[in-house]
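Q: After the structure tokens below, expect a handful of questions from me.
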Amino acid sequence: MTSAPLLSIRHLKRSFSKPGGGELVVLDDVSLELRPGEIVGLLGRSGSGKSTLLRAIAGLSRPSAGEIIYREQPIHGPAPGIAMVFQSFALFPWLTVLENVQLGLEALGLPREEIRSRAIAAIDLIGLDGFESAYPRELSGGMRQRVGFARALVVHPDLLLMDEPFSALDVLTAETLRTDLLELWAENQLPIKSILLVTHNIEEAVLMCDRILIFSTNPGRIISEIAVGLAQPRDRLDPMFRDLVEQIYVAMTGGRAGRLATQPQQFPQVGMGTILPHASTNALAGLMEEVADAPYFGKADLPEIASKLHMEIDDLFPVAESLHMLRFAVLEGGDMRLTQEGRNFAAAELDERKSLFLKHLLTYIPIAAHIRRVLDERLTHTAPLSRFQDELEDHMSPEAARSTLRAVISWGRYAEAFAYNEDGAGFSLENPE
Amino acid sequence: MARKPRSEPSLPHGMASLAPTRWDIGAALLVLALLAIMAQAGRGTFAPLESITQVPLSLDPWRLPYYAARTALRMMVALGCSTLFTFLYAPLAAKYRGAGALLVPLLDILQSVPVLGFISITITFFLDLIPGRVLGAELAAIFAIFTSQAWNMAFSLYQSLHTVPAELVEASLSFRLSGWMRFWRLEVPFALPSLVWNMMVSVAGGWFFVVASEAVTVGHTRFALPGIGSYIATAIAVNDGRALIWAILAMLVLILLIDQLLFRPLLAWSERFRIDAEPGEPGYSSFVLTLIRRSRIGTFLAPLAELWDRIGRHPAAAIVTHKETASPRMQAVPVLLLLGAGLVLGHYLITLPRGEILATLVDGLITLARVFALVALASVIWVPVGVWIGLRPRFGRIFQPLVQLLAAFPANLLYPLLIVPILVHRLDANIWLSPLMILGAQWYLLFNIIVGTQALPHELRQIATNLHVTGWLWWRRVGLPAIFPYFLTGAITASGGAWNAAIVAEYVSWGDRVLVARGLGATIAEAARTGDSTRLALGIGVMCLLVIVVNRLVWRPLYAYAERKFR
């Protein structure tokens, strides 16, 4: 590439200080370049800091270290020439479609005639003709997001930031909008130079982007970059397309495999400091049953099972990871393989399942074992939640500690390892009254 | 009634035809009549003070429309002041954390203090400020109404400013709207629906204070501002029951008129700024708003809309994103203020005999017991009634506006009627005067219970029926838990109202006969009447203290519990 980068980010870091001292790193050492004419995707699970990165580029939040250079100028605050499309549309409900689209131009202080003619042109371009005087609440989700696009395009930005713009829409509407946008992009009708797209949908990234940057979670880092060489329009059933999807799955589970390689066993080392993913026991049992049955017989390809169960990666990964931690399954190279215990669980009746789950929970999840031990040792067999919250906060952020405890409470309740009383915020060994 | 479609086809004003339509004629009549009334009512304001202290108020019912207009004008001026105050105070408290550290707790205390106690003090101040003119007394009355409205409205705006949806803030930042533009284009529109609702509640509460502050005796100064409140005071003084009935009717008409001419249109208009409204959801409709929208009054209002548009359009160059953080020095200010207030109070108290302080405290506890007993009694009566109404949508539609009207109606107008049986049967004033305190406040309780019952999801009611949950079990498991948070809101408002009412309800007169119930309200009323400023200050101080302590120790924990458990 010969053209100068439109945007370059160098060693960006974003962290928050924890109340008990120390810092929580959300984004760590992120560097990337964006050149005119390309669509780049930021792909990662929730908590990978990709939205934080987008907001830093939009000037809505400040990085803790590193710099963002846009058109050879560092960014401090919202820059002209960068517009954003929001996941939740973020339309002003008391303004009509036309007024919503005009808002950004009014902020520029342009003359009224120009504001109006440019807004009308943007509305026509994005296919909102005839809806000028409608209020957002009268529109369907798809039409609302079209207003979001028109509002961003009307200011003629060089860089368009999109924060999961299709994830609040139903599958069909999202597909239509994506196709329309890509067509306009291909025909050079959009008054923009580059698009940066945040998504957690792997197929969406492969459909739309020229390059995909894959983020790890906790902290968010770029772990892999994948160039998509396919010509537009792309076909989901194209074997090359499927290959790329598979490759991304491997990359996203591969981060884990890389860590595993340094350890003697195939299972992750779960300690007191491990943040537990939130997965319900129903989902755990459901996934084990699915993988145990035909046609998988204990070993399944993750992209395949995700599309079969209509699960996005944010739904599937926590469940798969939980099974891995509980040693009911092994994750490797984009595949999931049930262990012998996992197969036993899938075949068992409710009581047997519970006792198997209890055994694994207390053996492999240290925080669960710890809670049980404390309850056993105390004469009253009770302990307050705050005690464990404090202990976990030595290792993680308060929010992560809360969500880890929520996960362990729901698993502990299912396994009947201990009881938890929300009113008194306390654990006990007995079931209520 | 269902909301009108948003994109109503409309022609530009004045373009369709030059001949006036029937909407134009109706609207013009409305505007001219309002202007005439206001001009007439405003004229008396600059007269010398003697004109209202010497001439006894006429009890001729034909004078009542004029008096009602004077009362309404007072109310509107106070509302205007409250609005202005709201738009200065709330942004300051919300945008500058340093200022907020002082302004927010201050607002919280002002909100819970019984306003009525202060009237006699502020009146002296305003009479001294503009000596010898009616204007001084007018300002005093307006200030009393203002203090009953402003805090509530300012709090509403402050809370709205803090709850503007994050994505809309981000959108306006990323499209580089200036702070000024953001305030007028995002924050104010977002705050409008709840601000208008709070305005209406404020005005409803304000009628009580209008009536109480128009005819006042403070020591040697006494005056009666022309208005419904003074008319009633005169009727009471000369023992004229017929005039009293006329006044009550006039008050009802006035409340209904203000509701129809001001608040219905405002509520219907502010609907469009609601963020959660869905198409087809029933909203407010207003005949007057339709009149304005269809007629050419719109042409006169257009400059206003244009002004708002222009104010909000001006793109002040700098984009203010930084928020001032509260310095430790600023945070010390409220503490210092409290210390100062404590010192002044301590200085005051030294001059009083110990026994007096103790007696006032005991009075306070008696009134406190009364307030609690009455709220409990009203709950026992209104919970079943409110739930019964709430479960029947047909009755709800009839009763809800009625209860709102009752809540707005100043109960102190009715006191003279109600003490007649006490006088006739020689009943114990200590017991039988008490119900007067809850007379006006109880409607807040009923209103909230009805709303709470209506909010109970339909599926939950059906499942209860399906499982044959009836009788006491239904109340214990379904009814009571469902309405509890709403009930609590109502009970807090009702007890606040009862504290205020204590000052007029524990000391009631009819002609030359006076009934007194022992309590803090009576102590304050007597001190005001005799102009004993030291005892007045002591009484008010004790009342503020009790109200604030009860709020912190009883209502707040209960509210927090309800929020946690039932929402």
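Naming scheme: A, B, ... for chains in displayed order of the structure tokens; residues 1 onward per chain; ligands 1 onward as shown.
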At a cut-off of 7 Å, using only C-alpha atoms, what residues contact Gly386 of chain B? Leave out same-chain residues fewer than 6 positions from it and give the result as a ChimeraX atom specification.
A: /B:446,449-450
Q: Using only N, CA and C atoms, please write the residues we just selected to a file, as a CSV table (one decimal), in the first residue's frame.
A:
chain,number,residue,atom,x,y,z
B,446,LEU,N,-54.2,7.5,48.0
B,446,LEU,CA,-55.2,6.8,47.2
B,446,LEU,C,-54.7,6.8,45.8
B,449,ILE,N,-51.9,4.3,45.2
B,449,ILE,CA,-52.3,3.0,45.3
B,449,ILE,C,-53.0,2.5,44.0
B,450,ILE,N,-53.9,3.4,43.5
B,450,ILE,CA,-54.6,3.1,42.3
B,450,ILE,C,-53.5,2.9,41.1
Q: Restrict the distance test to only C-alpha atoms, flag each residue of chain A within 6 Å of chain B, and return the flagged residues as a list in words.
A: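 Selected residues: Pro78, Ala90, Trp94, Gly104 and Ala107 of chain A.
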Q: From a DSSP calculation on the backbone, collect every residue of segment 80-225 of chain B in strand (DSSP E or B) and output the set as a PyMOL selection string.
A: chain B and resi 96+133+215-218+221-224
Q: Any chance you can output those residues with N, CA and C atoms as a PDB file, in the first residue's frame?
A:
ATOM      1  N   TYR B  96     -21.685  21.295  37.467  1.00  0.00           N
ATOM      2  CA  TYR B  96     -20.471  21.608  38.204  1.00  0.00           C
ATOM      3  C   TYR B  96     -20.486  20.854  39.513  1.00  0.00           C
ATOM      4  N   ARG B 133     -46.767  49.198  50.341  1.00  0.00           N
ATOM      5  CA  ARG B 133     -47.389  48.868  49.057  1.00  0.00           C
ATOM      6  C   ARG B 133     -47.965  47.455  49.110  1.00  0.00           C
ATOM      7  N   ALA B 215     -54.428  35.710  53.463  1.00  0.00           N
ATOM      8  CA  ALA B 215     -54.908  36.473  54.617  1.00  0.00           C
ATOM      9  C   ALA B 215     -54.054  36.089  55.810  1.00  0.00           C
ATOM     10  N   VAL B 216     -53.236  37.040  56.277  1.00  0.00           N
ATOM     11  CA  VAL B 216     -52.252  36.687  57.291  1.00  0.00           C
ATOM     12  C   VAL B 216     -52.248  37.719  58.402  1.00  0.00           C
ATOM     13  N   THR B 217     -52.080  37.240  59.602  1.00  0.00           N
ATOM     14  CA  THR B 217     -51.861  38.136  60.727  1.00  0.00           C
ATOM     15  C   THR B 217     -50.518  37.783  61.342  1.00  0.00           C
ATOM     16  N   VAL B 218     -49.602  38.737  61.337  1.00  0.00           N
ATOM     17  CA  VAL B 218     -48.329  38.520  62.009  1.00  0.00           C
ATOM     18  C   VAL B 218     -48.177  39.632  63.028  1.00  0.00           C
ATOM     19  N   THR B 221     -49.252  43.331  62.306  1.00  0.00           N
ATOM     20  CA  THR B 221     -49.551  43.495  60.893  1.00  0.00           C
ATOM     21  C   THR B 221     -50.612  42.486  60.489  1.00  0.00           C
ATOM     22  N   ARG B 222     -51.645  42.970  59.827  1.00  0.00           N
ATOM     23  CA  ARG B 222     -52.578  42.015  59.247  1.00  0.00           C
ATOM     24  C   ARG B 222     -53.027  42.545  57.898  1.00  0.00           C
ATOM     25  N   PHE B 223     -53.142  41.650  56.948  1.00  0.00           N
ATOM     26  CA  PHE B 223     -53.638  42.076  55.646  1.00  0.00           C
ATOM     27  C   PHE B 223     -54.383  40.927  55.005  1.00  0.00           C
ATOM     28  N   ALA B 224     -55.212  41.297  54.051  1.00  0.00           N
ATOM     29  CA  ALA B 224     -55.954  40.289  53.285  1.00  0.00           C
ATOM     30  C   ALA B 224     -55.840  40.664  51.818  1.00  0.00           C
TER      31      ALA B 224
END
Q: Let me make sure I understand: among A:Lys13, A:His278, A:His76, A:Arg234, which one has the smallest atom-to-atom distance to Ile409 of chain A if we use only C-alpha atoms?
A: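 Distance minimum relative to Ile409 of chain A lands on A:His278.
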Q: Near segment 318-326 of chain A, counting only C-alpha atoms, which residues have an atom at most 8 Å away, once you skip same-chain residues fewer than 3 positions from it, shown as JSON, numbers by chain?
A: {"A": [267, 268, 270, 276, 277, 278, 279, 280, 283, 284, 287, 314, 315, 329, 330, 331, 336, 360, 361, 364, 365]}
Q: According to DSSP computed on the backbone, where in segment 269-432 of chain A is there helix (DSSP H, G or I)? Give the residues as an MDAnalysis selection string.
A: chainID A and resid 281:292 302:308 313:325 340:347 350:364 366:377 385:393 398:415
Q: Write out as a PyMOL selection string the residues lying within 10 Å of Ala243 of chain B, counting only C-alpha atoms and excluding same-chain residues fewer than 2 positions away.
A: chain B and resi 59-61+64+231-232+234-236+238-241+245-249
Q: Of the residues A:Ala65, A:Ile275, A:Ala285, A:Leu197, which is the one nearest to Gln87 of chain A, using only C-alpha atoms?
A: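 When distances to Gln87 of chain A are compared using only C-alpha atoms, the smallest one comes from A:Leu197.
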Q: Report, in Å with one decimal, the straight-line distance from atom CA of Gly80 of chain B to atom CA of Gly117 of chain B.
A: 23.1 Å
Q: Can you list, as a list in words, every protein, DNA or RNA residue that comes within 12 Å of Ala464 of chain B when you count only C-alpha atoms, leaving out same-chain residues fewer than 2 positions away?
A: Leu456, Pro457, His458, Glu459, Leu460, Arg461, Gln462, Asn466, Leu467, His468, Val469, Thr470, Gly471, Leu473, Trp474, Trp475, Arg476, Arg477, Val478 and Gly479 of chain B
Q: Can you tell me how far atom CA of Ala425 of chain A sits from atom CA of Ala407 of chain A, in Å to one decimal?
A: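 Distance between the two atoms: 14.9 Å.
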Q: Compile the contact shell of Ala79 of chain A as a PyMOL selection string: residues with an atom at most 12 Å away, counting only C-alpha atoms, same-chain residues fewer than 2 positions apart removed.
A: (chain A and resi 7+55-60+68-71+73-77+81-84+108+155+157-160) or (chain B and resi 173-177+319)
Q: Which is closest to Gly148 of chain A among A:Asp376, A:Glu290, A:Asp163, A:Glu422, if we use only C-alpha atoms?
A: A:Asp163
Q: One decimal, in Å: what's the spacing between atom CA of Ile119 of chain B and atom CA of Ile422 of chain B?
A: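 So the two atoms, atom CA of Ile119 of chain B and atom CA of Ile422 of chain B, lie 28.0 Å apart.
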Q: List the spatial neighbours of segment 255-265 of chain B as a list in words - criterion: any atom at most 6 Å away, only C-alpha atoms, same-chain residues fewer than 3 positions off excluded.
A: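 The filter keeps Leu252, Ala268, Trp269, Ser286 and Leu289 of chain B.
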